[in-house]
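Participant: I am sharing work_36.csv, which consists of CSV, C-alpha atoms:
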```
chain,number,residue,atom,x,y,z
A,1,SER,CA,33.4,-14.9,7.7
A,2,ARG,CA,33.4,-11.2,8.2
A,3,ARG,CA,34.8,-10.5,4.7
A,4,ALA,CA,32.1,-12.7,3.1
A,5,ARG,CA,29.4,-10.8,5.0
A,6,ARG,CA,30.7,-7.5,3.7
A,7,ILE,CA,30.7,-8.8,0.1
A,8,VAL,CA,27.0,-9.8,0.2
A,9,GLY,CA,25.9,-6.7,2.2
A,10,TRP,CA,25.5,-8.2,5.7
A,11,ALA,CA,27.9,-5.9,7.5
A,12,LYS,CA,26.4,-4.2,10.5
A,13,PRO,CA,25.6,-0.5,9.8
A,14,ARG,CA,27.4,2.3,11.6
A,15,ARG,CA,25.4,4.3,14.0
A,16,ALA,CA,23.9,7.5,12.7
A,17,PRO,CA,23.5,9.9,15.6
A,18,GLY,CA,20.6,12.3,15.0
A,19,GLY,CA,19.3,10.2,12.1
A,20,LEU,CA,15.7,10.3,11.0
A,21,ARG,CA,13.8,7.5,12.7
A,22,LEU,CA,10.4,6.1,12.1
A,23,ARG,CA,8.0,7.1,14.9
A,24,GLY,CA,6.9,3.5,15.8
A,25,ALA,CA,9.2,0.6,16.6
A,26,ARG,CA,6.5,-1.8,15.3
A,27,GLY,CA,3.3,-1.8,13.3
A,28,PRO,CA,2.4,0.4,10.3
A,29,VAL,CA,4.9,3.0,9.2
A,30,SER,CA,2.4,5.7,8.4
A,31,GLY,CA,-0.4,7.3,10.3
A,32,THR,CA,-2.3,8.7,7.3
A,33,TRP,CA,-4.0,7.1,4.3
A,34,TRP,CA,-1.7,8.9,1.9
A,35,GLY,CA,1.5,7.9,3.7
A,36,ARG,CA,0.2,4.3,3.7
A,37,ARG,CA,-0.7,4.6,0.0
A,38,TRP,CA,2.9,5.6,-0.8
A,39,THR,CA,4.3,2.5,0.9
A,40,GLU,CA,1.6,0.2,-0.4
A,41,ALA,CA,2.3,1.3,-3.9
A,42,LEU,CA,6.0,0.4,-3.5
A,43,GLU,CA,5.2,-2.9,-1.7
A,44,ALA,CA,3.0,-3.9,-4.7
A,45,PHE,CA,6.1,-4.0,-6.9
A,46,GLY,CA,7.2,-7.2,-5.1
A,47,TRP,CA,10.1,-5.7,-3.2
A,48,HIS,CA,9.0,-7.2,0.1
A,49,THR,CA,12.4,-8.4,1.3
A,50,ARG,CA,14.2,-5.3,0.3
A,51,LEU,CA,11.6,-3.0,1.8
A,52,GLU,CA,11.6,-5.0,5.0
A,53,ARG,CA,15.4,-4.5,5.4
A,54,GLY,CA,14.9,-0.8,4.6
A,55,ARG,CA,12.2,-0.5,7.2
A,56,SER,CA,14.6,-1.8,9.8
A,57,TYR,CA,17.1,0.8,8.7
A,58,ALA,CA,14.5,3.5,9.0
A,59,ARG,CA,13.4,2.3,12.4
A,60,HIS,CA,17.0,2.5,13.7
A,61,GLY,CA,17.6,6.0,12.4
A,62,GLN,CA,20.0,5.2,9.6
A,63,VAL,CA,18.6,7.9,7.3
A,64,VAL,CA,20.7,11.0,7.9
A,65,SER,CA,18.8,13.4,5.7
A,66,VAL,CA,16.0,13.6,3.1
A,67,ARG,CA,15.3,16.5,0.7
A,68,VAL,CA,12.2,16.6,-1.5
A,69,LEU,CA,12.7,18.6,-4.7
A,70,PRO,CA,10.5,18.9,-7.8
A,71,GLY,CA,10.8,15.6,-9.5
A,72,LYS,CA,13.4,14.1,-7.1
A,73,VAL,CA,14.4,13.1,-3.7
A,74,LYS,CA,17.9,13.3,-2.4
A,75,ALA,CA,18.9,11.5,0.8
A,76,SER,CA,21.9,10.3,2.8
A,77,VAL,CA,21.8,7.0,4.6
A,78,ARG,CA,24.4,5.6,7.0
A,79,GLY,CA,25.5,2.1,6.1
A,80,SER,CA,28.5,0.0,7.1
A,81,ARG,CA,31.1,2.4,5.5
A,82,SER,CA,32.5,5.5,7.0
A,83,ARG,CA,30.6,7.9,4.7
A,84,PRO,CA,26.8,7.8,4.2
A,85,TYR,CA,25.5,6.5,0.9
A,86,GLU,CA,23.7,9.0,-1.3
A,87,VAL,CA,20.3,8.0,-2.5
A,88,THR,CA,18.3,9.6,-5.3
A,89,ALA,CA,14.7,8.9,-6.4
A,90,ALA,CA,13.3,10.5,-9.5
A,91,VAL,CA,9.7,10.8,-10.7
A,92,ARG,CA,8.2,12.6,-13.6
A,93,THR,CA,6.7,15.9,-12.8
A,94,LEU,CA,3.3,17.1,-14.2
A,95,PRO,CA,3.3,19.9,-16.7
A,96,PRO,CA,1.6,23.2,-15.7
A,97,LYS,CA,-1.6,22.4,-17.8
A,98,ASP,CA,-2.0,19.1,-15.8
A,99,TRP,CA,-1.6,21.0,-12.5
A,100,GLY,CA,-4.3,23.4,-13.7
A,101,ARG,CA,-6.6,20.4,-14.2
A,102,VAL,CA,-5.8,19.0,-10.8
A,103,ALA,CA,-6.5,22.4,-9.2
A,104,ASP,CA,-9.8,22.7,-11.1
A,105,ALA,CA,-10.9,19.2,-9.9
A,106,VAL,CA,-9.9,20.1,-6.3
A,107,ALA,CA,-11.7,23.5,-6.5
A,108,ARG,CA,-14.9,21.8,-7.6
A,109,GLN,CA,-14.9,19.9,-4.3
A,110,ALA,CA,-14.9,22.5,-1.5
A,111,LEU,CA,-14.2,19.8,1.0
A,112,HIS,CA,-11.1,18.7,-0.9
A,113,ALA,CA,-9.7,22.3,-0.9
A,114,ALA,CA,-10.6,22.7,2.8
A,115,GLN,CA,-8.8,19.4,3.7
A,116,LEU,CA,-5.7,20.4,1.8
A,117,LEU,CA,-5.6,23.8,3.6
A,118,ALA,CA,-5.9,21.9,6.9
A,119,GLY,CA,-2.9,19.7,6.1
A,120,GLU,CA,-4.8,16.6,5.0
A,121,MET,CA,-4.8,14.9,1.6
A,122,PRO,CA,-8.4,14.4,0.5
A,123,ARG,CA,-9.5,10.9,-0.3
A,124,GLY,CA,-10.3,10.6,-4.0
A,125,ILE,CA,-7.7,13.1,-5.0
A,126,GLU,CA,-5.9,10.5,-7.1
A,127,SER,CA,-8.7,10.6,-9.7
A,128,ALA,CA,-7.7,14.3,-10.4
A,129,PHE,CA,-4.3,13.2,-11.7
A,130,PRO,CA,-3.7,12.1,-15.2
A,131,ARG,CA,-3.3,8.3,-15.7
A,132,ALA,CA,0.1,8.8,-17.3
A,133,ARG,CA,1.4,10.7,-14.2
A,134,PRO,CA,-0.4,9.4,-11.1
A,135,LEU,CA,0.2,11.0,-7.7
A,136,PHE,CA,1.5,7.7,-6.4
A,137,PRO,CA,3.8,5.3,-8.3
A,138,ALA,CA,1.6,2.8,-10.2
A,139,VAL,CA,4.3,0.8,-12.0
A,140,ARG,CA,8.1,0.3,-11.2
A,141,LYS,CA,9.2,2.7,-13.9
A,142,ASP,CA,7.2,5.6,-12.2
A,143,ILE,CA,10.1,5.9,-9.8
A,144,VAL,CA,13.7,5.6,-10.7
A,145,THR,CA,16.1,5.2,-7.9
A,146,ALA,CA,19.9,5.0,-7.4
A,147,CYS,CA,22.2,4.6,-4.4
A,148,THR,CA,26.0,4.9,-4.2
A,149,CYS,CA,26.3,1.7,-2.2
A,150,PRO,CA,27.8,-1.4,-3.8
A,151,ASP,CA,24.6,-3.4,-3.7
A,152,VAL,CA,23.5,-4.3,-7.3
A,153,GLU,CA,19.9,-4.8,-6.3
A,154,ASN,CA,17.5,-1.9,-6.7
A,155,PRO,CA,16.0,-1.0,-4.4
A,156,CYS,CA,18.7,-1.6,-1.9
A,157,LYS,CA,18.0,-1.3,1.8
A,158,HIS,CA,19.2,2.3,1.8
A,159,ILE,CA,16.7,3.3,-0.9
A,160,ALA,CA,14.0,1.3,0.9
A,161,ALA,CA,14.7,3.2,4.2
A,162,VAL,CA,14.3,6.5,2.4
A,163,HIS,CA,10.9,5.3,1.0
A,164,TYR,CA,9.6,4.7,4.6
A,165,ILE,CA,11.0,8.0,5.9
A,166,LEU,CA,9.3,9.7,3.0
A,167,ALA,CA,5.9,8.1,4.0
A,168,GLU,CA,6.2,9.8,7.4
A,169,GLU,CA,7.4,13.1,5.8
A,170,PHE,CA,4.3,13.0,3.6
A,171,ASP,CA,2.2,12.4,6.7
A,172,ARG,CA,3.6,15.6,8.2
A,173,ASP,CA,3.2,17.6,5.0
A,174,PRO,CA,1.0,16.2,2.2
A,175,PHE,CA,2.1,19.1,0.0
A,176,LEU,CA,5.5,17.4,-0.3
A,177,LEU,CA,3.8,14.8,-2.6
A,178,PHE,CA,2.8,17.7,-4.8
A,179,LYS,CA,6.3,19.2,-4.6
A,180,LEU,CA,7.7,15.9,-5.7
A,181,ARG,CA,5.3,15.9,-8.7
A,182,GLY,CA,6.5,19.4,-9.6
A,183,VAL,CA,4.4,22.1,-7.8
A,184,SER,CA,5.0,23.9,-4.5
A,185,ARG,CA,2.3,24.4,-1.9
A,186,ASP,CA,2.1,28.1,-2.6
A,187,ALA,CA,1.9,27.6,-6.4
A,188,PHE,CA,-0.8,25.0,-6.1
A,189,LEU,CA,-2.8,27.2,-3.7
A,190,ALA,CA,-2.5,30.1,-6.2
A,191,LEU,CA,-3.9,27.8,-8.9
A,192,LEU,CA,-6.9,27.1,-6.6
```
Just dump the structure as structure tokens.

Facilitator:
Amino acid sequence: SRRARRIVGWAKPRRAPGGLRLRGARGPVSGTWWGRRWTEALEAFGWHTRLERGRSYARHGQVVSVRVLPGKVKASVRGSRSRPYEVTAAVRTLPPKDWGRVADAVARQALHAAQLLAGEMPRGIESAFPRARPLFPAVRKDIVTACTCPDVENPCKHIAAVHYILAEEFDRDPFLLFKLRGVSRDAFLALL
């Protein structure tokens, strides 16, 4: 019945005119190694079904907005209710001394610095980050998420949709990964 579908979260989502939509209707979500690394990290947590539903939401433009801030992401996702659901994702930021070490490691590799300046994330940059605070989530507790939807599962499809939109946002601007971990593009370049 229609009521039963709503209870278990099967209600059809409302349209989100102007929503953020994944570029491709099929195939890989991200076009860069670092965007794919973001989604692969999350897929490794065993969230396949949840992420699949979220990918569908992202492909249909249900994510209304995404904002990357130091240590967190805030997003709105259109679901079956009249108001969009609010999604948050939090990660631990790196302290300034760790950012200094990351910048030193990048500076020692001229190619890495040149790639970042050209808008590309250098391969191998992950090794510059401390094990306790990796660039990409390594274990589930590295990313803490919440959604205002009634779904008790975490991640819900709204959170998962945001993860996929983030992958493409990271494709566009790899410095958003750094911002999420606590340092702006300008601050990191000043450290270099």

Participant: I'd like to know which of A:Leu42, A:Ala75, A:Ala114, A:Val162 is closest to Ser56 of chain A, using all atoms listed in the file.

Facilitator: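 Using all atoms listed in the file, the shortest distance to Ser56 of chain A belongs to A:Val162.
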
Participant: For Leu176 of chain A, list every protein, DNA or RNA residue within 12 Å, evaluated using all atoms listed in the file, and leave out those in the same chain fewer than 2 positions away; present the list as a tab-separated table (two decimals) with C-alpha atoms, keeping the file's coordinate frame.

Facilitator:
```tsv
chain	number	residue	atom	x	y	z
A	34	TRP	CA	-1.70	8.90	1.90
A	35	GLY	CA	1.50	7.90	3.70
A	66	VAL	CA	16.00	13.60	3.10
A	67	ARG	CA	15.30	16.50	0.70
A	68	VAL	CA	12.20	16.60	-1.50
A	69	LEU	CA	12.70	18.60	-4.70
A	70	PRO	CA	10.50	18.90	-7.80
A	71	GLY	CA	10.80	15.60	-9.50
A	72	LYS	CA	13.40	14.10	-7.10
A	73	VAL	CA	14.40	13.10	-3.70
A	116	LEU	CA	-5.70	20.40	1.80
A	119	GLY	CA	-2.90	19.70	6.10
A	120	GLU	CA	-4.80	16.60	5.00
A	121	MET	CA	-4.80	14.90	1.60
A	135	LEU	CA	0.20	11.00	-7.70
A	166	LEU	CA	9.30	9.70	3.00
A	167	ALA	CA	5.90	8.10	4.00
A	168	GLU	CA	6.20	9.80	7.40
A	169	GLU	CA	7.40	13.10	5.80
A	170	PHE	CA	4.30	13.00	3.60
A	171	ASP	CA	2.20	12.40	6.70
A	172	ARG	CA	3.60	15.60	8.20
A	173	ASP	CA	3.20	17.60	5.00
A	174	PRO	CA	1.00	16.20	2.20
A	178	PHE	CA	2.80	17.70	-4.80
A	179	LYS	CA	6.30	19.20	-4.60
A	180	LEU	CA	7.70	15.90	-5.70
A	181	ARG	CA	5.30	15.90	-8.70
A	182	GLY	CA	6.50	19.40	-9.60
A	183	VAL	CA	4.40	22.10	-7.80
A	184	SER	CA	5.00	23.90	-4.50
A	185	ARG	CA	2.30	24.40	-1.90
A	186	ASP	CA	2.10	28.10	-2.60
A	188	PHE	CA	-0.80	25.00	-6.10
```

Participant: Tell me which of A:Tyr57, A:Phe136, A:Trp99, A:Phe129 sits closest to Pro13 of chain A, counting all atoms listed in the file.

Facilitator: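 That would be A:Tyr57, the residue with the smallest distance to Pro13 of chain A.
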
Participant: Hey, can you check how far atom CA of Leu111 of chain A sits from atom CA of Leu191 of chain A?

Facilitator: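 Atom CA of Leu111 of chain A sits 16.4 Å away from atom CA of Leu191 of chain A.
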
Participant: Just give me the gap between atom CA of Ser30 of chain A and atom CA of Val102 of chain A in Å, one decimal is fine.

Facilitator: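 Taking atom CA of Ser30 of chain A as the start and atom CA of Val102 of chain A as the end point, the length is 24.8 Å.
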
Participant: Quick one: of A:Cys147, A:Val106, A:Lys141, A:Ser80, who's nearest to Lys12 of chain A, counting only C-alpha atoms?

Facilitator: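 Nearest candidate to Lys12 of chain A out of A:Cys147, A:Val106, A:Lys141, A:Ser80: A:Ser80.
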
Participant: Which of these, A:Gly46, A:Gly31, A:Gly79, A:Pro155, has the shortest distance to Gly19 of chain A once you count only C-alpha atoms?

Facilitator: A:Gly79

Participant: Env of Val87 of chain A: 10 Å cut, atoms = all atoms listed in the file, seq-sep filter 4 positions within chain, self excluded. Answer as a ChimeraX atom specification.

Facilitator: /A:63,65-66,73-77,145-149,156,158-162

Participant: Can you tell me which residues surround Ala44 of chain A at a distance of at most 10 Å, considering only C-alpha atoms, apart from same-chain residues fewer than 5 positions away, and format the answer as number ranges by chain?

Facilitator: A: 39, 137-140

Participant: Go ahead and write the residues just picked, C-alpha atoms, as a PDB file, in the frame of the given file.

Facilitator:
```
ATOM      1  CA  THR A  39       4.300   2.500   0.900  1.00  0.00           C
ATOM      2  CA  PRO A 137       3.800   5.300  -8.300  1.00  0.00           C
ATOM      3  CA  ALA A 138       1.600   2.800 -10.200  1.00  0.00           C
ATOM      4  CA  VAL A 139       4.300   0.800 -12.000  1.00  0.00           C
ATOM      5  CA  ARG A 140       8.100   0.300 -11.200  1.00  0.00           C
TER       6      ARG A 140
END
```

Participant: In Å, how far is it from atom CA of Ala105 of chain A to atom CA of Ile165 of chain A?

Facilitator: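 One can read the atom CA of Ala105 of chain A to atom CA of Ile165 of chain A distance as 29.2 Å.
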
Participant: Between A:Val29, A:Pro130, A:His48, A:Arg23, which one has atoms that come closest to Lys97 of chain A, using all atoms listed in the file?

Facilitator: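 Closest candidate: A:Pro130.
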
Participant: At a cut-off of 8 Å, using all atoms listed in the file, what residues contact Asp142 of chain A? Leave out same-chain residues fewer than 6 positions from it and give the result as a list in words.

Facilitator: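 Skipping anything fewer than 6 positions along the chain leaves Val91, Arg92 and Arg133 of chain A.
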
Participant: Can those selected residues be exported to a file as a PDB file, in the frame of the given file so that it contains C-alpha atoms?

Facilitator:
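And here is the file that came out, again-v5.pdb:
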```
ATOM      1  CA  VAL A  91       9.700  10.800 -10.700  1.00  0.00           C
ATOM      2  CA  ARG A  92       8.200  12.600 -13.600  1.00  0.00           C
ATOM      3  CA  ARG A 133       1.400  10.700 -14.200  1.00  0.00           C
TER       4      ARG A 133
END
```

Participant: Under the rule that all atoms listed in the file are counted, which of A:Arg131, A:Ile143, A:Ala103, A:Arg37 is the nearest residue to Ala190 of chain A?

Facilitator: A:Ala103
